[in-house]
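Here is the structure we will look at, set down as structure tokens.
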Amino acid sequence: MTDAGRHPKIKLMTLSEVEEVSGYIGNFKVKVRQNARFVDEKACTACDKCAEVCPVVVPDEFQQGFSSRKAAYIPHPQAVPSAYVIDIKQCLGNNPIACAKCMEACEKKCIDLNMQDRVVELNVGTIIVATGMKVYDPTPLDEYGYTRFENVVTSMEFERLICGSGPTKGSLVRPSDRQVPKRIGFIQCVGSRTENRGNPYCSNVCCMNTIKDSLLIKEHYPDTEIYVFYMDIRAFGKGFEDLFRRSKEEGVHYIRGLPGEITEDPDTGNLRVRVENTTAARVEDYELDMVVLSLGLEPADDLKQLAGKLNLSRTSDGFVLESHPKLKPVDAPTPGIFFAGCVEAPKDVKDSVTQAGAAAARSSIILSSDTITSEAIKAVVDLEKCTSCGVCAKVCPYNAISVDVKAKTGAQIVAAACSGCGTCAAECKFDAITMQHFTDEQIMAQIDAALDEEPENKTLAFLCNWCSYAGGDLAGTSRLKYPANQRFIRTMCSGRVAEKFILHAFEKGAPVVLLSGCHIGDCHYIDANHWTKRRAEKLWARMEKLGIRPERLRLEWISSAEGARFARIMSELEEMRQKVTPKEIEHTKKVLTEQRLLKKKAGEREEAPEPQAEPA
């Protein structure tokens, strides 16, 4: 942090938050709110006189509440800038001034309690998101006694207790009596790998953090007994297994089983832990001086809000979704935005640094280029047909379309921001948007060709390029069997499949139609498949009104790794196709043809010129 603060080409904006992001790759406009520091950071010399006279004492967040700070404070050692900040929520000298002792004590007169927030606008070419993470709050896990028993601490609190810059200057003591603990227990997977309470995923760093702490304790306090209660030890990094083996050689006891209950002896403050040892197949009791809860990692609190401003997708666990897990692991689906660190998934320092280097390299490629190349699959607007209704701008996941509804100037598309998902073209009711390389005419021609002969014996499937179509490839390379009478039409996204494509397929005689894309929350075009789902639901309702079985239109989410699922669904579609009778197919064709002709006649009446009034 200090090196970054001294770098001539790095500008650090502390106490700041992103308010708004607009623009596109190479031309982002970012509004940043700089919260008032109430201290002139350039004039402050960190003399500490304001903190000496400040009467407000509150728990120090950096020291996990084990020590206190004043309302005038430096957030942490080696903070940048090296200047004090006023915690205005705790300060007594604000509205109305009742204290102001810090202002009187400051010889440089650099404290201004009337300082206001200011908004800064930045023009940037790329954005790297590295908001980090937070740790799980174990308070709901009442069986562990956190907040009830003083000697039950979290792994973050334990780190401060053994740190040289911590409240005890590196001396290990237990909180209740400040004595050195002789028996310490670590409980793993607190908030991780649990479905009902906590998170279902592994947090990656917990096991090795406990092993590191156990070795550190053994190095300074060799006589300490250490017990680690775990489900599985996951030591998959370079040299991690060696550390695990070394920890056991130092005498650390690993008990396979998680405690079901922790109680406290009120006289001694010692903790009694009851656990089922699954290796020995018995219930065991341990008396410990101190228990450490090894906490899992969670997305940062403000990540959801920031993801909305940057148009980022998030996975089911709350972390952001990368563009491709193998080919573009640090790229966001929105071009020009990159990820680093735990914003993408729980990871250790080494992996975070590696990903940060990759994000910086990816970003530098764009910044060092005079021009930016992108896929030719873009949306193009026919302004003569466009009515400026604004539907396309509403559904675009990249905010690449702007429409001035009042001026009626038509939809304007920023080609650099458009990723070619085709959702706008599918939702446009006036056929005013053309998707290059995936035009309506091309897709209609594929439907006609697929159902030209014996359509009643075929099943038509619309597959998205990134997941469903790739899942079909995996099924083929895995030699999985499925019926050969399937006909596939590939689109970049399931959001490109308009209602008219599906209705045209049924009108041509298709017994069953499949609409398939990425799983919800895993869309390669942020949230375009939400519009796919909405469109399918409207079609089901319409089909039911027309006397067509809604089951004949099937919506399935298939990922690129689900080859077996792809083959199974294709077999199920064939079973369904065999149950569709020729009478049903003929009824469907008749009803949809009548609907299309009525709509065409209605459109011709609207376009016909108004009759001229006869002269008087």
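By order in the structure tokens, chains are A, B, ...; within a chain, residues start at 1; ligands start at 1, following the order shown.
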
**Request:** Could you give me, as a PyMOL selection string, the residues within 9 Å of Glu427 in chain A, counting only C-alpha atoms and dropping anything in the same chain fewer than 6 positions from it?
**Result:** chain A and resi 391-392+395+495-496+498-499+531+535

**Members of range 310-492 of chain A assigned strand (DSSP E or B) by DSSP, as a PyMOL selection string** = chain A and resi 314+320+324+328+331+337-339+379-381+401-403+411-413+433-435+459-464+486-491

**Prompt:** So which residues touch range 432-437 of chain A within 9 Å, counting only C-alpha atoms, skipping near sequence neighbours fewer than 2 positions away, as a PyMOL selection string?
**Reply:** chain A and resi 376-387+392+420-422+424-426+428-430+439-440+442+496

Go ahead and save the picked residues with C-alpha atoms, as a compact mmCIF listing (two decimals), in the first residue's frame.
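Result file out.txt:
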```
# COMPACT_ATOMS: atom_id res chain seq x y z
CA ALA A 376 -18.57 -8.81 -35.80
CA ILE A 377 -21.81 -10.15 -34.29
CA LYS A 378 -23.50 -6.84 -33.50
CA ALA A 379 -27.00 -5.40 -33.45
CA VAL A 380 -27.90 -2.88 -36.16
CA VAL A 381 -30.97 -0.61 -35.98
CA ASP A 382 -33.15 0.31 -38.95
CA LEU A 383 -34.15 3.84 -37.94
CA GLU A 384 -37.00 3.88 -40.46
CA LYS A 385 -38.71 1.02 -38.64
CA CYS A 386 -37.72 2.05 -35.10
CA THR A 387 -40.51 3.69 -33.08
CA CYS A 392 -34.44 -2.76 -26.61
CA GLY A 420 -24.18 -9.69 -29.81
CA CYS A 421 -26.51 -11.64 -27.52
CA GLY A 422 -29.50 -10.73 -29.71
CA CYS A 424 -32.89 -6.77 -28.25
CA ALA A 425 -33.70 -8.20 -31.69
CA ALA A 426 -35.88 -10.92 -30.16
CA CYS A 428 -38.31 -5.79 -30.86
CA LYS A 429 -41.91 -5.96 -32.10
CA PHE A 430 -41.21 -3.90 -35.22
CA THR A 439 -30.41 -12.48 -38.90
CA ASP A 440 -34.08 -13.42 -38.78
CA GLN A 442 -30.97 -16.90 -41.67
CA ARG A 496 -31.89 -14.38 -29.38
```

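Between Asn457 in chain A and the residues A:Thr268, A:Thr581, A:Asn399, A:Asn204, the shortest atom-to-atom distance, using only C-alpha atoms, involves A:Thr581.
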
**Asked** Out of range 267-337 of chain A, which residues get alpha helix (DSSP H) from DSSP, as a PyMOL selection string?
**Response** chain A and resi 303-310

**Request:** For Ile184 in chain A, work out the shell of residues within 9 Å, counting only C-alpha atoms and skipping chain neighbours fewer than 4 positions away, then give it as a count of residues only.
**Result:** 10

**Request:** Quote the spacing between CA of Asn151 in chain A and CA of Glu264 in chain A in Å to one decimal place.
**Result:**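 Between CA of Asn151 in chain A and CA of Glu264 in chain A the gap works out to 9.1 Å.
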
**Asked** Hey, what's within 9 Å of Thr477 in chain A if we count only C-alpha atoms and toss same-chain stuff fewer than 4 positions away? As a count of residues only, please?
**Response** 3

**Complete:** Atom pair CA of Glu219 in chain A + CA of Ile262 in chain A, distance 27.6 Å
